[in-house]
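Raw contents of input10.cif, mmCIF, C-alpha atoms:
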```
data_target
#
loop_
_atom_site.label_atom_id
_atom_site.label_comp_id
_atom_site.auth_asym_id
_atom_site.auth_seq_id
_atom_site.Cartn_x
_atom_site.Cartn_y
_atom_site.Cartn_z
CA MET A 1 87.64 82.04 93.87
CA ASN A 2 89.57 83.33 96.81
CA VAL A 3 93.14 82.76 95.72
CA GLU A 4 95.55 83.97 98.32
CA TYR A 5 99.19 84.62 97.76
CA LEU A 6 101.58 83.87 100.54
CA TYR A 7 104.87 85.68 100.75
CA ALA A 8 108.09 84.80 102.45
CA GLY A 9 111.33 86.66 102.29
CA ALA A 10 113.83 88.71 104.13
CA ASP A 11 113.99 92.46 104.37
CA VAL A 12 116.76 94.19 102.50
CA SER A 13 119.03 94.13 105.52
CA GLY A 14 118.41 90.41 105.78
CA ARG A 15 117.83 90.76 109.48
CA GLU A 16 114.23 89.64 109.68
CA LEU A 17 112.33 86.81 108.12
CA LEU A 18 109.02 88.03 106.91
CA LEU A 19 105.81 86.12 106.45
CA GLY A 20 103.08 87.94 104.62
CA ARG A 21 99.77 87.40 102.89
CA GLY A 22 97.65 89.10 100.36
CA SER A 23 95.24 88.64 97.51
CA GLY A 24 96.32 88.93 93.96
CA ARG A 25 99.95 89.91 93.85
CA LYS A 26 99.62 92.73 96.32
CA LEU A 27 101.10 92.22 99.73
CA GLU A 28 98.40 93.25 102.16
CA GLY A 29 99.76 92.40 105.51
CA VAL A 30 102.69 91.08 107.42
CA ILE A 31 101.76 88.12 109.53
CA GLY A 32 105.15 87.17 110.79
CA ARG A 33 107.83 89.35 112.24
CA ALA A 34 107.11 92.94 111.47
CA VAL A 35 109.26 94.60 108.87
CA THR A 36 108.29 97.15 106.30
CA ALA A 37 106.54 95.55 103.38
CA LEU A 38 108.27 97.80 100.90
CA SER A 39 111.70 96.52 101.77
CA ILE A 40 111.21 92.86 101.13
CA THR A 41 112.74 90.72 98.50
CA VAL A 42 109.85 88.42 97.89
CA ALA A 43 109.30 84.91 96.89
CA ALA A 44 105.62 84.43 96.29
CA PHE A 45 103.76 81.23 96.79
CA ILE A 46 100.19 80.46 95.86
CA ALA A 47 98.10 78.96 98.62
CA GLU A 48 95.29 76.50 98.27
CA PRO A 49 92.29 78.17 96.60
CA SER A 50 90.15 77.70 99.68
CA GLY A 51 92.59 79.79 101.66
CA PRO A 52 94.19 79.02 104.98
CA GLN A 53 92.24 78.26 108.11
CA ILE A 54 92.90 79.95 111.42
CA ARG A 55 93.99 77.54 114.12
CA HIS A 56 96.69 79.25 116.09
CA ALA A 57 98.21 82.59 116.78
CA VAL A 58 101.97 82.63 116.90
CA GLY A 59 104.29 85.51 117.56
CA THR A 60 103.60 89.11 118.28
CA ASP A 61 101.37 89.53 115.29
CA ALA A 62 98.39 87.34 114.59
CA VAL A 63 99.99 84.57 112.59
CA GLN A 64 97.86 81.84 111.18
CA LEU A 65 99.64 78.64 111.82
CA ASP A 66 98.45 77.00 108.63
CA VAL A 67 99.83 79.88 106.66
CA ALA A 68 103.04 79.95 108.62
CA ASP A 69 103.39 76.21 108.33
CA ILE A 70 102.96 76.26 104.57
CA LEU A 71 105.44 79.07 104.29
CA LEU A 72 107.95 77.49 106.57
CA GLU A 73 107.71 74.24 104.68
CA ARG A 74 108.16 75.86 101.31
CA VAL A 75 110.87 78.21 102.42
CA TRP A 76 112.62 75.34 104.10
CA LYS A 77 112.39 73.06 101.09
CA ALA A 78 113.52 75.83 98.80
CA ARG A 79 116.66 76.57 100.69
CA SER A 80 117.57 73.51 102.65
CA ASP A 81 120.02 70.80 101.88
CA ARG A 82 119.36 69.14 105.20
CA ILE A 83 116.79 66.73 106.55
CA GLN A 84 113.16 67.70 106.03
CA PRO A 85 110.70 67.57 108.91
CA THR A 86 108.42 64.53 108.72
CA ASP A 87 104.63 64.66 108.96
CA LYS A 88 104.93 63.07 112.38
CA ALA A 89 107.23 65.83 113.58
CA ARG A 90 104.88 68.46 112.19
CA ARG A 91 101.86 66.94 113.90
CA ARG A 92 103.69 66.77 117.21
CA ALA A 93 104.93 70.33 116.81
CA SER A 94 101.34 71.37 116.26
CA ALA A 95 100.41 69.67 119.54
CA VAL A 96 103.27 71.51 121.24
CA LEU A 97 101.97 74.83 119.91
CA GLU A 98 98.54 73.95 121.22
CA GLY A 99 100.04 73.06 124.58
CA PHE A 100 101.71 76.45 124.84
CA ARG A 101 98.52 78.21 123.83
CA GLU A 102 96.48 76.39 126.43
CA ALA A 103 98.92 77.75 129.01
CA GLY A 104 98.49 81.27 127.65
CA ILE A 105 101.91 81.36 126.01
CA GLU A 106 102.34 82.53 122.44
CA PRO A 107 105.40 80.86 120.92
CA ASP A 108 107.81 83.28 119.30
CA ARG A 109 109.29 81.14 116.60
CA VAL A 110 108.79 77.88 114.74
CA VAL A 111 111.76 76.60 112.77
CA ALA A 112 112.79 73.43 111.04
CA ASP A 113 115.69 71.69 112.74
CA PRO A 114 118.57 70.77 110.43
CA ASP A 115 118.96 67.41 112.18
CA GLY A 116 115.33 66.60 111.47
CA GLY A 117 112.30 67.99 113.22
CA VAL A 118 110.43 71.14 114.08
CA ALA A 119 111.45 73.37 116.97
CA VAL A 120 109.11 75.72 118.83
CA TYR A 121 110.73 78.62 120.69
CA VAL A 122 109.52 80.85 123.49
CA PHE A 123 111.76 83.68 124.62
CA GLY A 124 111.63 85.16 128.09
CA ARG A 125 110.95 88.82 128.75
CA ARG A 126 114.09 89.90 130.55
CA GLU A 127 116.77 91.13 128.20
CA LEU A 128 120.52 90.75 128.55
CA GLN A 129 120.75 93.59 126.11
CA PRO A 130 118.27 95.04 123.64
CA GLY A 131 116.99 92.27 121.39
CA THR A 132 118.58 89.42 123.32
CA GLN A 133 116.54 87.70 126.02
CA ALA A 134 118.42 86.15 128.93
CA ARG A 135 116.37 82.96 128.75
CA HIS A 136 114.58 80.89 126.20
CA ALA A 137 112.77 77.59 126.05
CA ARG A 138 112.51 75.27 123.09
CA VAL A 139 110.63 72.09 122.37
CA LEU A 140 111.90 70.02 119.49
CA ALA A 141 109.54 67.58 117.81
CA ALA A 142 112.18 65.35 116.29
CA ASN A 143 111.65 63.32 113.16
CA GLU A 144 112.21 60.16 115.16
CA GLY A 145 109.16 61.04 117.24
CA ASP A 146 110.99 62.26 120.34
CA LEU A 147 110.02 65.49 122.07
CA ILE A 148 113.09 67.18 123.48
CA ALA A 149 112.75 70.12 125.84
CA LEU A 150 115.50 72.68 126.31
CA CYS A 151 115.78 75.63 128.68
CA VAL A 152 118.73 77.97 128.18
CA ASP A 153 119.84 80.67 130.59
CA TYR A 154 122.64 82.73 129.05
CA GLU A 155 123.24 84.69 132.22
CA HIS A 156 124.11 81.62 134.28
CA ASN A 157 125.22 79.48 131.32
CA THR A 158 122.80 76.65 132.03
CA HIS A 159 121.39 74.28 129.44
CA ASP A 160 118.69 72.05 130.86
CA VAL A 161 117.65 69.33 128.42
CA TRP A 162 115.19 66.52 128.95
CA GLU A 163 112.99 64.19 127.00
CA THR A 164 109.29 64.69 127.33
CA ASP A 165 106.18 63.42 125.59
CA LEU A 166 102.70 64.60 124.79
CA VAL A 167 101.32 63.14 128.02
CA GLU A 168 103.80 65.19 130.02
CA LEU A 169 103.54 68.24 127.81
CA GLY A 170 101.44 70.21 130.30
CA ALA A 171 104.06 69.72 133.00
CA THR A 172 106.83 70.61 130.57
CA VAL A 173 105.10 73.81 129.51
CA SER A 174 104.47 74.68 133.14
CA LYS A 175 108.13 74.14 133.99
CA MET A 176 109.15 76.32 131.06
CA GLN A 177 106.71 79.02 132.10
CA SER A 178 108.30 79.16 135.56
CA PHE A 179 111.77 79.12 134.05
CA LEU A 180 111.02 81.97 131.67
CA ALA A 181 109.51 84.07 134.43
CA GLY A 182 112.68 83.77 136.52
CA MET B 1 136.20 81.71 113.49
CA TYR B 2 133.21 82.89 111.51
CA ARG B 3 130.11 80.95 110.60
CA LYS B 4 127.53 82.20 108.14
CA LEU B 5 124.02 82.02 109.52
CA ARG B 6 120.46 81.87 108.36
CA VAL B 7 118.19 84.50 109.82
CA ASP B 8 116.14 82.02 111.82
CA TRP B 9 119.25 80.65 113.51
CA VAL B 10 119.80 83.99 115.24
CA HIS B 11 118.18 85.70 118.19
CA GLY B 12 119.58 89.10 119.05
CA ASP B 13 123.33 88.66 119.31
CA ARG B 14 122.99 84.96 120.08
CA VAL B 15 123.11 81.86 117.92
CA LEU B 16 120.48 79.14 118.29
CA VAL B 17 121.09 75.41 118.22
CA GLU B 18 119.86 75.07 114.64
CA ALA B 19 123.18 76.58 113.56
CA ILE B 20 125.16 73.70 114.99
CA ASP B 21 125.90 70.59 112.98
CA THR B 22 126.71 67.51 115.03
CA GLU B 23 128.63 66.12 112.08
CA GLY B 24 130.99 69.11 112.23
CA THR B 25 130.17 72.80 112.22
CA SER B 26 131.83 74.53 109.28
CA CYS B 27 133.49 77.88 109.89
CA ASP B 28 136.10 80.11 108.31
CA ARG B 29 139.29 81.15 110.06
CA GLU B 30 139.46 84.84 110.87
CA ARG B 31 142.93 85.38 109.50
CA HIS B 32 141.86 84.29 106.03
CA ARG B 33 138.37 85.69 105.87
CA ASP B 34 136.58 89.02 105.95
CA PRO B 35 133.22 88.22 107.58
CA LYS B 36 131.44 90.51 105.15
CA ASP B 37 132.38 88.08 102.38
CA LEU B 38 130.30 85.36 104.03
CA ILE B 39 127.05 87.26 103.67
CA GLU B 40 124.99 86.04 100.75
CA PRO B 41 121.30 85.54 99.95
CA GLY B 42 119.83 83.17 102.50
CA TRP B 43 122.83 83.61 104.77
CA PRO B 44 122.56 87.21 105.97
CA ARG B 45 124.25 86.94 109.37
CA VAL B 46 127.65 85.89 110.66
CA GLY B 47 128.48 84.28 114.00
CA TRP B 48 131.87 84.47 115.66
CA VAL B 49 133.68 82.30 118.19
CA VAL B 50 137.31 81.80 119.15
CA PRO B 51 138.78 78.32 119.71
CA ARG B 52 139.66 79.02 123.35
CA ASP B 53 135.98 79.63 124.08
CA LEU B 54 134.79 76.28 122.76
CA PRO B 55 133.10 74.15 125.42
CA ARG B 56 135.33 71.73 127.33
CA ALA B 57 134.32 68.83 129.58
CA VAL B 58 130.60 68.95 128.93
CA LYS B 59 128.70 66.13 130.59
CA PRO B 60 125.25 66.14 129.01
CA CYS B 61 123.73 63.64 131.43
CA ASP B 62 124.69 61.08 134.05
CA VAL B 63 125.13 58.21 131.60
CA SER B 64 127.13 60.18 129.05
CA PRO B 65 130.88 60.66 129.08
CA GLU B 66 132.36 64.15 129.03
CA TRP B 67 132.67 65.81 125.65
CA GLU B 68 134.80 68.60 124.29
CA PHE B 69 134.82 70.69 121.13
CA PHE B 70 137.88 71.54 119.11
CA ALA B 71 138.64 73.37 115.86
CA LEU B 72 140.39 71.71 112.95
CA ASP B 73 141.77 73.49 109.89
CA LEU B 74 140.33 71.95 106.75
CA PRO B 75 141.36 74.21 103.87
CA GLU B 76 139.51 73.53 100.67
CA ARG B 77 140.43 74.18 97.08
CA HIS B 78 138.13 77.18 96.86
CA ASN B 79 138.21 78.16 100.51
CA GLU B 80 141.55 78.25 102.23
CA ALA B 81 139.89 79.59 105.39
CA HIS B 82 137.64 76.60 105.93
CA CYS B 83 137.77 74.88 109.29
CA GLU B 84 135.39 72.76 111.31
CA ILE B 85 134.34 72.62 114.93
CA ARG B 86 134.18 69.00 115.95
CA ALA B 87 133.22 67.09 119.07
CA ARG B 88 134.94 64.19 120.79
CA ARG B 89 134.86 62.41 124.11
CA VAL B 90 137.35 63.88 126.55
CA GLY B 91 140.58 61.93 126.51
CA ARG B 92 140.44 60.90 122.86
CA GLN B 93 143.21 62.24 120.66
CA SER B 94 141.57 61.63 117.28
CA VAL B 95 140.77 64.71 115.23
CA ASP B 96 137.80 62.98 113.62
CA ASN B 97 134.36 64.11 114.65
CA ASP B 98 133.60 61.46 117.25
CA PRO B 99 131.38 58.86 115.53
CA LYS B 100 129.95 57.95 118.91
CA ILE B 101 128.02 61.20 119.00
CA LYS B 102 125.45 59.76 116.60
CA LYS B 103 124.88 56.79 118.88
CA TYR B 104 123.66 58.95 121.72
CA ASP B 105 120.06 60.06 121.86
CA ARG B 106 118.83 63.51 120.96
CA VAL B 107 118.97 64.70 124.58
CA VAL B 108 122.75 64.36 124.58
CA ARG B 109 123.14 65.89 121.14
CA GLU B 110 120.83 68.81 121.86
CA ARG B 111 122.72 69.60 125.06
CA LEU B 112 126.04 69.57 123.23
CA LYS B 113 124.66 71.72 120.43
CA SER B 114 123.22 74.21 122.89
CA GLU B 115 126.54 74.50 124.74
CA LEU B 116 128.39 75.20 121.51
CA ALA B 117 125.76 77.57 120.12
CA SER B 118 125.92 79.68 123.27
CA ARG B 119 129.61 80.41 122.71
CA PHE B 120 128.99 82.19 119.41
CA ARG B 121 128.14 85.85 119.13
CA VAL B 122 126.46 87.39 116.13
CA LEU B 123 128.45 90.15 114.49
#
```

In structure tokens, what does this structure look like?
Amino acid sequence: MNVEYLYAGADVSGRELLLGRGSGRKLEGVIGRAVTALSITVAAFIAEPSGPQIRHAVGTDAVQLDVADILLERVWKARSDRIQPTDKARRRASAVLEGFREAGIEPDRVVADPDGGVAVYVFGRRELQPGTQARHARVLAANEGDLIALCVDYEHNTHDVWETDLVELGATVSKMQSFLAG
Amino acid sequence: MYRKLRVDWVHGDRVLVEAIDTEGTSCDRERHRDPKDLIEPGWPRVGWVVPRDLPRAVKPCDVSPEWEFFALDLPERHNEAHCEIRARRVGRQSVDNDPKIKKYDRVVRERLKSELASRFRVL
């Protein structure tokens, strides 16, 4: 039986969230943001015996969305006193991820929103300073079912927010792509 | 004012909208708090903003009134430094977090949250 262990934690500095996977209790690879495996304080979670399926790649490393989703859910539930994302929000966030991928964009971050929902982030390339991009785009799949798009430009202090939907997702992603390239 | 932050609420030296609570964003006043004391498991980062930098006269969309943020001291039994950043419609004098904010749709709330988040810097 292929029992996989999924790991989530922060490195000792607490600066990076880490998502990892392995078999047995040995951490074999980091699938989320890259930090050194030795430095983690780990909470281990046991995945389904059949193991996760590959559907998406998210982030700079090859992240399996199913794995990331399970981890995010469990991490979130373990440490949150706020509203949990609904199944509807998760499904719509999955569609948003797919929409980005179809446009050749790999989302950088998927987080649960404390007001209820799942937010998908894409950061631009141009940096204001090392580690801080001048622009980012975010699509929130809210628990209520709304899809809210946000484009932030720190340099010009603009915050463009609009409601979108799955039918308009392609246009929204395209608009974000142009925005992030600017 | 300092706000303790989860790691996924931070990008570089910036704070993301997830860190903002539309029911009132809890912070600690600088004069009563060493930011290092806020760091704890699950809350490894600290954001910083000063009251004069809070957003004023934000109009999220055509049909929304203007909003402003303000800081209110709310010392607690175990935390004398506690304060809260609240939102209200411009012109209102109440120090309550404006109950109307919940009546507006997520577009308005997300815009307000984004404006406030952008004023923080991560220490």

key: Sphere at (140.0, 82.0, 100.2), radius 8 Å, counting all atoms listed in the file: residues as a count of residues only   = 6

ask   = Could you spell out the hits of the PyMOL selection byres ((chain B) within 8 of (chain A)) on the shown file, as a list of chain:residue names?
value =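 For this structure, the PyMOL selection byres ((chain B) within 8 of (chain A)) resolves to B:Val7, B:Asp8, B:His11, B:Gly12, B:Asp13, B:Arg14, B:Glu18, B:Asp21, B:Gly42, B:Pro44, B:Arg45, B:Arg106, B:Val107, B:Glu110, B:Arg111, B:Ser114, B:Glu115, B:Ser118.
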
With C-alpha atoms retained, write the just-selected residues as a PDB file, in the frame of the given file.
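Contents of selection_9.pdb, as written:
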```
ATOM      1  CA  VAL B   7     118.190  84.500 109.820  1.00  0.00           C
ATOM      2  CA  ASP B   8     116.140  82.020 111.820  1.00  0.00           C
ATOM      3  CA  HIS B  11     118.180  85.700 118.190  1.00  0.00           C
ATOM      4  CA  GLY B  12     119.580  89.100 119.050  1.00  0.00           C
ATOM      5  CA  ASP B  13     123.330  88.660 119.310  1.00  0.00           C
ATOM      6  CA  ARG B  14     122.990  84.960 120.080  1.00  0.00           C
ATOM      7  CA  GLU B  18     119.860  75.070 114.640  1.00  0.00           C
ATOM      8  CA  ASP B  21     125.900  70.590 112.980  1.00  0.00           C
ATOM      9  CA  GLY B  42     119.830  83.170 102.500  1.00  0.00           C
ATOM     10  CA  PRO B  44     122.560  87.210 105.970  1.00  0.00           C
ATOM     11  CA  ARG B  45     124.250  86.940 109.370  1.00  0.00           C
ATOM     12  CA  ARG B 106     118.830  63.510 120.960  1.00  0.00           C
ATOM     13  CA  VAL B 107     118.970  64.700 124.580  1.00  0.00           C
ATOM     14  CA  GLU B 110     120.830  68.810 121.860  1.00  0.00           C
ATOM     15  CA  ARG B 111     122.720  69.600 125.060  1.00  0.00           C
ATOM     16  CA  SER B 114     123.220  74.210 122.890  1.00  0.00           C
ATOM     17  CA  GLU B 115     126.540  74.500 124.740  1.00  0.00           C
ATOM     18  CA  SER B 118     125.920  79.680 123.270  1.00  0.00           C
TER      19      SER B 118
END
```

query = So what do you get for atom CA of B:Leu74 versus atom CA of B:Pro55, distance-wise?
reply =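 Atom CA of B:Pro55 lies 20.1 Å from atom CA of B:Leu74.
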
query = When the PyMOL selection byres ((chain A and resi 170) around 12) is applied to the file above, which residues end up in the set, as a VMD selection string?
reply = chain A and resid 95 to 105 164 to 169 171 to 177

Selected residues written out with C-alpha atoms, as a compact mmCIF listing (two decimals), in the frame of the given file:
```
# COMPACT_ATOMS: atom_id res chain seq x y z
CA ALA A 95 100.41 69.67 119.54
CA VAL A 96 103.27 71.51 121.24
CA LEU A 97 101.97 74.83 119.91
CA GLU A 98 98.54 73.95 121.22
CA GLY A 99 100.04 73.06 124.58
CA PHE A 100 101.71 76.45 124.84
CA ARG A 101 98.52 78.21 123.83
CA GLU A 102 96.48 76.39 126.43
CA ALA A 103 98.92 77.75 129.01
CA GLY A 104 98.49 81.27 127.65
CA ILE A 105 101.91 81.36 126.01
CA THR A 164 109.29 64.69 127.33
CA ASP A 165 106.18 63.42 125.59
CA LEU A 166 102.70 64.60 124.79
CA VAL A 167 101.32 63.14 128.02
CA GLU A 168 103.80 65.19 130.02
CA LEU A 169 103.54 68.24 127.81
CA ALA A 171 104.06 69.72 133.00
CA THR A 172 106.83 70.61 130.57
CA VAL A 173 105.10 73.81 129.51
CA SER A 174 104.47 74.68 133.14
CA LYS A 175 108.13 74.14 133.99
CA MET A 176 109.15 76.32 131.06
CA GLN A 177 106.71 79.02 132.10
```

task = To one decimal in Å, tell me the separation between atom CA of A:Leu180 and atom CA of A:Val120.
result =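 So the two atoms, atom CA of A:Leu180 and atom CA of A:Val120, lie 14.4 Å apart.
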
task = Quote the spacing between atom CA of B:Leu54 and atom CA of B:Leu116 in Å to one decimal place.
result = 6.6 Å

message = List as a ChimeraX atom specification the protein and nucleic acid residues near B:Ile39, meaning an atom at most 9 Å away when only C-alpha atoms are counted, but skip any in the same chain fewer than 6 places from it.
response = /B:4-5,45-46

Take the residues that were just selected and, keeping C-alpha atoms, output them as a compact mmCIF listing (two decimals), in the coordinates of the input.
```
# COMPACT_ATOMS: atom_id res chain seq x y z
CA LYS B 4 127.53 82.20 108.14
CA LEU B 5 124.02 82.02 109.52
CA ARG B 45 124.25 86.94 109.37
CA VAL B 46 127.65 85.89 110.66
```

query = Just so the selection is clear, what residues does the PyMOL selection byres ((chain B and resi 101) around 9) cover here, as number ranges by chain?
reply = B: 22-23, 87-89, 97-100, 102-105, 108-109

task = Find the residues around B:Glu76 up to 12 Å (only C-alpha atoms counted), leave out those fewer than 4 positions away in its own chain, and share them as JSON, numbers by chain.
result = {"B": [26, 27, 28, 80, 81, 82, 83, 84]}

For B:Gly47: contacts at 10 Å, all atoms listed in the file, fewer than 6 positions along chain excluded, given as a ChimeraX atom specification = /B:1-5,9-10,13-15,19,27,35,117,119-123

Selected residues, C-alpha atoms, written as a tab-separated table (two decimals), keeping the file's coordinate frame, please.
```tsv
chain	number	residue	atom	x	y	z
B	1	MET	CA	136.20	81.71	113.49
B	2	TYR	CA	133.21	82.89	111.51
B	3	ARG	CA	130.11	80.95	110.60
B	4	LYS	CA	127.53	82.20	108.14
B	5	LEU	CA	124.02	82.02	109.52
B	9	TRP	CA	119.25	80.65	113.51
B	10	VAL	CA	119.80	83.99	115.24
B	13	ASP	CA	123.33	88.66	119.31
B	14	ARG	CA	122.99	84.96	120.08
B	15	VAL	CA	123.11	81.86	117.92
B	19	ALA	CA	123.18	76.58	113.56
B	27	CYS	CA	133.49	77.88	109.89
B	35	PRO	CA	133.22	88.22	107.58
B	117	ALA	CA	125.76	77.57	120.12
B	119	ARG	CA	129.61	80.41	122.71
B	120	PHE	CA	128.99	82.19	119.41
B	121	ARG	CA	128.14	85.85	119.13
B	122	VAL	CA	126.46	87.39	116.13
B	123	LEU	CA	128.45	90.15	114.49
```
